[in-house]
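Q: First the structure, which I've put down as structure tokens, then a few questions once you've had a look.
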Amino acid sequence: MSRIGIFICHCGENISATVDCARVAEESGRLPGVVHSVDYKYMCSDPGQRMIQEAIREHRLDGVVVAACSPRMHEATFRRTVSEAGLNPYQCEVANLREHCSWVHEKGESTTQKAIDLVRLLVEKVKRNKPLLPIQVPITKTALVVGGGVAGIQAAIDIANAGHKVVLVEKSPSIGGHMSQLSETFPTLDCSQCILTPRMVEAAQHPNIELMTYSEVEKVEGFIGNFKVTVRKKARKVDEKLCTGCGLCTQKCPNKKIPDAFNEGLGKRGAIYVPFPQAVPNKPVIDTVNCTFFKTGKCKVCEKVCPTNAIRFEQEDSHVTLDIGAIVLATGFQLMKTEAFPEYGYGQHKDIIDGMQFERLASASGPTLGAIQRPSDGKEPGTIVFIACSGSRDRAKGVPYCSKICCMYTAKHAMLYKHKVHGGKAYVFYMDIRAAGKAYDEFTRRAIEEDEVSYIRGRVSRIYEEDGQLVVKGVDTLLGGMPVEIKADMVVLATAVQAQEDSRALAQTLHVSYDSYGFFAEAHPKLRPVETNTAGIFLAGACQAPRDIPETVAQASGAAAKVAGLFSKDELTREPIVAVVNRQAPPLFSTCVGCFLCQSACPYSAIESEEIKNRAGEVIRTVARVNPGLCQGCGTCVATCRTKAIDLQGYSNEQLFAEVMAL
Amino acid sequence: MRIGYYPGCSLLGSSREFDESTRAVLKALDVELVEVPDWNCCGASSAHVLDHELSLALPARIMALAEAAGLDEILAPCAACSNRLLTARQELSNHPEKRAEIETAIGMPYAGRVRIVNVLEVLDRLKDRIAEKCVASFQHSVACYYGCLLVRPPRVVDFDRPEDPQSLDRVMASVGANPIDWPFKTECCGAAFSMTRTDIVAKLGAKILSGAVKRGAEALIVACPMCHSNLDLRRDAINAHLKANGGQPSDVPVLFVTQVIGLALGIDPKTLGLQRHLVSVQLPKAESATAGTTV
């Protein structure tokens, strides 16, 4: 016979206002197997918890039902309480009298009756509870950081400095990301590359960091602490070990007419190229789509000039499998293209560019060496118009959210323009100036007051070309809604920040959830901003939402701290609420018949097959086995099993039927 | 092919040639037009801004009559009419309780089955047949001017690209015309201000007209009676505005899309009502037609 103790909590007046707690305690006390039943004002308080512990010792209880708030709130508290008194924590159950009863019903007899029913169910369940032990999972102390922009670099350096190995995977030939393309950064106007490149070098030279550039994550299996990640190393067609980065091949490549992605199409590069002079690693890549040899079978100039014979035309993509304990996603963002705006000419006007293109024009390492020249004819624009919120906050045709960085970088662009073109006129069309951040509002005020940028509050309805100039038609909503027409030489659209093209595919590869825009979803918007819902996978930077550099770096360090915390232990403790395939005495061994329907039903790929062998090592039966490290305890396999050979620990069929029968 | 026809007031009055050419062209294309019996005002002039119930009841009665006549579609050539009909149709389908009220008001059942189409949709649908029956290709550079009501608001009319529509350009190309690329396709013509603020119409019309002429257009093509009257009827005011502001007055003709198709199909100009325009339709010889400048 069981010896069960019942503890009814009033939760101040949250429960006792509508439920007669004393009567619940009294009636529950008469249930078979119950030896002790009391009620108390605050069961979660220190005296309340002590009351439970004393009762366990005094009445030699073997099961406890606490009737209080939702188990989501205090199940962990009460399980710790009973385990301190020597009981297995899984012998304690919480009946939800608050959310499921007192808060949702009027005061009355039937409410109290329902409370008694809820307690009775759990008494029947707890009688059948078995002591469970937490599952220990070993941790591989190597982190994978996906994405080599400033977020990935920062996360990798922080994890590496904590003493753990890091593999940093970047899909393009160099790390650096969007930040390496920027000219100067707000609100301090310090040179972006000057502050980033030392970090890039630090990441590359760190003994704990392994760089894998020009590589992509293809497959992720496993679970927290024990991921198996397959990375595809794209063929550079260059032997990285032999290449010294002398640059002769890139100089001599005869095909130099290829639009340069690093310069956002504003410059040209060769078919063998290094994305930018400070690239890390400073090793070239052959663009096989445009390379003359790959197109016609003739050329091989790069091979002839290479002093170390590092060119490898025959090199193929290769795959590497890594054992990884934690993953940080730092895959960044992309900008909406100017092609998305029919009213601004579908991106067909060369002098209507996006913000990143302006960064390249303003950058000392850009195609114009920092001179502001318009793309169509290289002329210095005497009048320039910036349009904020191009596609952002536009429910009809763009994205409904605020892209966050545009107000600041548009102010910066206008300022850079005014600093470089002294007699120039700069206009900014805006909806609101959102400059919330340290020294941000001062920065936008400086653009307006000191650099005399004309800010016009209103939208632009159309841009068209007339007599060799762009006519920008908009409205000034602060001047009584008057139409404004500006003849401009160049227009810069602050186009919306969007999730990467392949973010959804990557999220599906990693089983990470994402929002309707393709940004990766955090586990909790306020309290778990750098974690995903998948244990062991963390987020940094603009892959989660539009972010500026300070926020990105802070979040990257936050994610790194989470990884370091995880790696601070040798083993991971998990809740033992997992499915188990039963084992019986010979000759039955198990009621599992090995149909493996459960395997196809399991959403977590947690079901393996196991061979039962006799002493001679011959296979007698093949049955299913649940990997407790992967199992999330969802119970799908239990419902699927035809022979009822699978049970969920802590929620067995027997326990649940007993609960139902008690009603 | 059988299709309901709702001419509305403009096509019986100031834009008779739109009615005449639409009937002539669709007849030539073997489309039977069935005029909605006992039709009434669509409410575009003043009813829709003065009384919300009337703005629904007037179009609902037209559509209910068409349903009773067994029609699936109504062609409403006037852009204001089709816009009113579409707006009412959408509001009544989104709010069933309003539909019941309106049914009582008009004293007829209204199921909301009948579709509303404009001239461009019908011609776009028939463009293969037009190309087949084309006897005199219209080899001129033309500026396709859609105006505002055909494509806006996009959520209601759900027709073509609202900022840069293409259907009229396609129809024009199907009879050999060269539609120029220009930025004023959906620019405001001043529509309803034709009587009250002719000065605004002159200013806006001047912009559209000179924008088309500057880019090599030999004719403007429209599919809306208001666009037509503002660019044709108000030409003296437009030219006066141009002259006063250093622009070039212009006698570029403004044709309804159905008139151009009619000419291409070999229908005589009088049947198409070309003589009714205030700016006479004189086009340069087709051989001299040059490719329009593209911007």
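In the structure tokens, each chain is lettered A, B, ... as it comes, each chain's residues begin at 1, and ligands are numbered from 1 in order of appearance.
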Can you work out which residues from chain A touch chain B at a cut-off of 7 Å (counting only C-alpha atoms) and hand them back as a list in words?

A: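 Result: Pro342, Glu343, Tyr464 and Glu465 of chain A.
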
Q: Would you please give, as a ChimeraX atom specification, all residues of range 165-229 of chain B that DSSP assigns to alpha helix (DSSP H) based on the backbone?

A: /B:167-173,198-214,225-228

Q: Could you jot down the CA of Met226 in chain B to CA of Ala192 in chain B separation for me, Å, one decimal place?

A: 7.7 Å

Q: From the options B:Leu33, B:Ile62, B:Lys243, B:His277, which residue's atoms come nearest to Phe256 in chain B, counting only C-alpha atoms?

A: B:His277

Q: Which polymer residues have any atom within 8 Å of an atom of Trp39 in chain B, counting only C-alpha atoms, with same-chain residues fewer than 4 positions away left out, as a ChimeraX atom specification?

A: /B:6,61-62,65

Q: Tell me, as a VMD selection string, which residues lie within 10 Å of Arg547 in chain A, counting only C-alpha atoms; anything in the same chain fewer than 2 positions away does not count.

A: chain A and resid 332 to 333 403 to 405 497 540 to 545 549 to 553 555

Q: If we count only C-alpha atoms, what is near range 99-111 of chain A at a cut-off of 10 Å, once residues fewer than 3 positions away on the same chain are taken out, given as a PyMOL selection string?

A: chain A and resi 10+13-20+68-71+95-96+114-118

Q: Between CA of Ser392 in chain A and CA of His178 in chain A, what is the spacing in Å?

A: 19.3 Å

Q: Need the shell around Asp236 in chain B: protein/DNA/RNA residues with any atom at most 10 Å away, counting only C-alpha atoms. Skip same-chain ones fewer than 2 positions apart. Format as a list of chain:residue names?

A: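 Everything that qualifies: B:Ala202, B:Leu231, B:Asp232, B:Leu233, B:Arg234, B:Ile238, B:Asn239, B:Ala240, B:His241, B:Leu242, B:Pro249, B:Ser250, B:Asp251, B:Leu278, B:Val279.
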
Q: I need the strand (DSSP E) residues of range 175-374 of chain A per DSSP on the backbone, written as number ranges by chain.

A: A: 184-185, 190-191, 209-212, 215-223, 226-233, 258-259, 268-269, 272-273, 285-286, 318-324, 326-329, 333-335, 352-354

Q: Could you name the residues that touch Glu575 in chain A at 9 Å or less, counting only C-alpha atoms, but leaving out those on the same chain fewer than 3 positions away, as a count of residues only?

A: 4

Q: Record the distance separating CA of Ala155 in chain A and CA of His524 in chain A, expressed in Å with one decimal.

A: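 Those two atoms sit 20.1 Å apart.
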
Q: Point out the residue among A:Lys237, A:Arg312, A:His349, A:Arg360 with the least atom-to-atom distance to Glu264 in chain A, counting only C-alpha atoms.

A: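 Counting only C-alpha atoms, the residue closest to Glu264 in chain A is A:Arg360.
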